[in-house]
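Asker: First, the structure itself, so that you have it in front of you.
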Amino acid sequence: MELLDPKVYKYLDDLVPPRSPEMKLMEKYADDVRFPIIGPASGQLCYLVARAINAKSVFELGSGYGYSTAWFAKAVQENGGGTVYHVVWDEKLSQQAHQHLETLGYNQIVQYQVSEALQALRSAKGPFDLIFNDINKEAYPESLPLIKKKLRSGGVLIIDNMLWSGKIFDDGDKTPATKGIREFTHLITSDPDWIVSLVPIRDGLIVAYKK
Ligand SMILES: C[S@@+](CC[C@H](N)C(=O)[O-])C[C@H]1O[C@@H](n2cnc3c(N)ncnc32)[C@H](O)[C@@H]1O
């Protein structure tokens with residue numbers, strides 16, 4: 001379900017500057033096979049935040065075939081270099097990402113790991129400047145204490161699907177994914193260590209600053 005008039009989504013996406021042919025190809029592939037990438041407007045916000053905090057180390061949980069990774073890699077490259085960790089549990093998606101990100105010129109920046117994402121973050125050294133979370137939604141609540149531990153003070157967490165196509169408003173929806181999103185939202189907004197805003201672009205992104 002689209003929560004806003006489709007004109008609004010199109011308008012927001014159209015405001016994003018033109019992307020490279022490879023990025024356009026990744027966007028078309030998502031449309032063709034209905035793969036849930038973050039899309040241009042959310043990608044631009046991720047890029048903006050990563051540039052604004054001068055992020056040099058970004059850890060992504062649930063990276064797919066590298067579309068969101070490309071936005072963070074662009075920011076990190078323009079910030080003078082660093083690392084974006086691409087983590088997904090599907091080998092084929094990791095390989096697809098490798099090809100796209102190599103074509104985009106981010107080979108020096110992106111590190112790949114085929115793994116359950118929370119397990120990978122648990123073993124990662126950190127602290128990170130920015131963590132992006134887009135994993136299975138029922139795991140969102142348990143991800144928060146770990147993310148808090150691995151993010152530096154002054155770092156930013158971005159987490160996708162916080163409006164969940166409006167399913168969060170349906171009191172009858174008690175599925176683990178919907179419950180996970182509701183619970184995560186409650187946990188982070190009631191924790192005084194975070195400054196939180198839910199930005200209602202696309203499927204809703206929480207952007208949270210760790211004090
Ligand atoms: C919604 S897609 C997002 C893709 C990417 N963030 C983007 O916007 O381009 C989430 C991806 O993460 C993977 N995934 C979901 N939960 C995961 C987990 N716990 N550990 C590793 N990968 C996970 C899914 O298989 C899928 O490929």
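Chain identifiers are assigned as A, B, and so on, following the order in which chains appear in the structure tokens; residues are numbered from 1 within each chain, and ligands are numbered from 1 in order of appearance.
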So which residues of segment 78-131 of chain A fall under helix (DSSP H, G or I) by DSSP, listed as an MDAnalysis selection string?

Answerer: chainID A and resid 78 91:103 117:123

Asker: Quick one: contact table of segment 43-97 of chain A to segment 137-148 of chain A, 12 Å max, nearest atom pair and distance in Å to one decimal per residue, counting only C-alpha atoms, chain and number order, as CSV?

Answerer:
residue,atom,partner,partner_atom,distance
A:Val58,CA,A:Ile147,CA,11.9
A:Phe59,CA,A:Ile147,CA,9.7
A:Glu60,CA,A:Ile147,CA,10.8
A:Leu61,CA,A:Ser143,CA,9.7
A:Gly62,CA,A:Lys137,CA,10.6

Asker: What does the list of residues within 6 Å of ligand 1 look like if you count only C-alpha atoms and all ligand atoms, written as a VMD selection string?

Answerer: chain A and resid 36 to 38 62 to 64 66 to 68 88 to 89 115 to 117 134 to 136

Asker: I want to know what sits within 10 Å of Leu48 of chain A, based on only C-alpha atoms, with residues of the same chain fewer than 4 positions away left out; could you give that as a tab-separated table (two decimals) with N, CA and C atoms, in the first residue's frame?

Answerer:
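Okay, this is what ended up in selection_4.tsv:
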chain	number	residue	atom	x	y	z
A	42	SER	N	15.38	7.90	-0.89
A	42	SER	CA	16.00	7.44	0.36
A	42	SER	C	17.51	7.32	0.20
A	43	GLY	N	17.94	6.90	-0.99
A	43	GLY	CA	19.38	6.80	-1.25
A	43	GLY	C	20.05	8.15	-1.11
A	44	GLN	N	19.39	9.17	-1.66
A	44	GLN	CA	19.94	10.53	-1.58
A	44	GLN	C	20.03	11.00	-0.13
A	52	ALA	N	27.27	14.59	5.49
A	52	ALA	CA	27.15	15.62	6.54
A	52	ALA	C	27.97	15.27	7.78
A	53	ILE	N	28.05	13.99	8.12
A	53	ILE	CA	28.81	13.62	9.32
A	53	ILE	C	30.24	13.19	8.96
A	54	ASN	N	30.60	13.36	7.69
A	54	ASN	CA	31.94	13.00	7.22
A	54	ASN	C	32.26	11.53	7.52
A	71	TRP	N	25.22	4.25	-2.58
A	71	TRP	CA	25.01	5.62	-2.07
A	71	TRP	C	25.99	5.92	-0.93
A	72	PHE	N	26.22	4.93	-0.05
A	72	PHE	CA	27.16	5.16	1.05
A	72	PHE	C	28.60	5.22	0.52
A	75	ALA	N	29.41	8.59	-0.84
A	75	ALA	CA	29.67	9.56	0.23
A	75	ALA	C	31.07	9.35	0.83

Asker: Between A:Leu104, A:His98, A:Tyr85, A:Ile201, which one has atoms that come closest to Ala124 of chain A, using only C-alpha atoms?

Answerer: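 Among the listed residues, A:Tyr85 lies closest to Ala124 of chain A.
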
Asker: Hey, which of A:Arg19, A:His100, A:Lys167, A:His86 ends up closest to Phe132 of chain A? Count only C-alpha atoms.

Answerer: A:His86

Asker: May I ask for the distance between atom CA of Pro127 of chain A and atom CA of Lys149 of chain A, given in Å to one decimal place?

Answerer: 7.8 Å
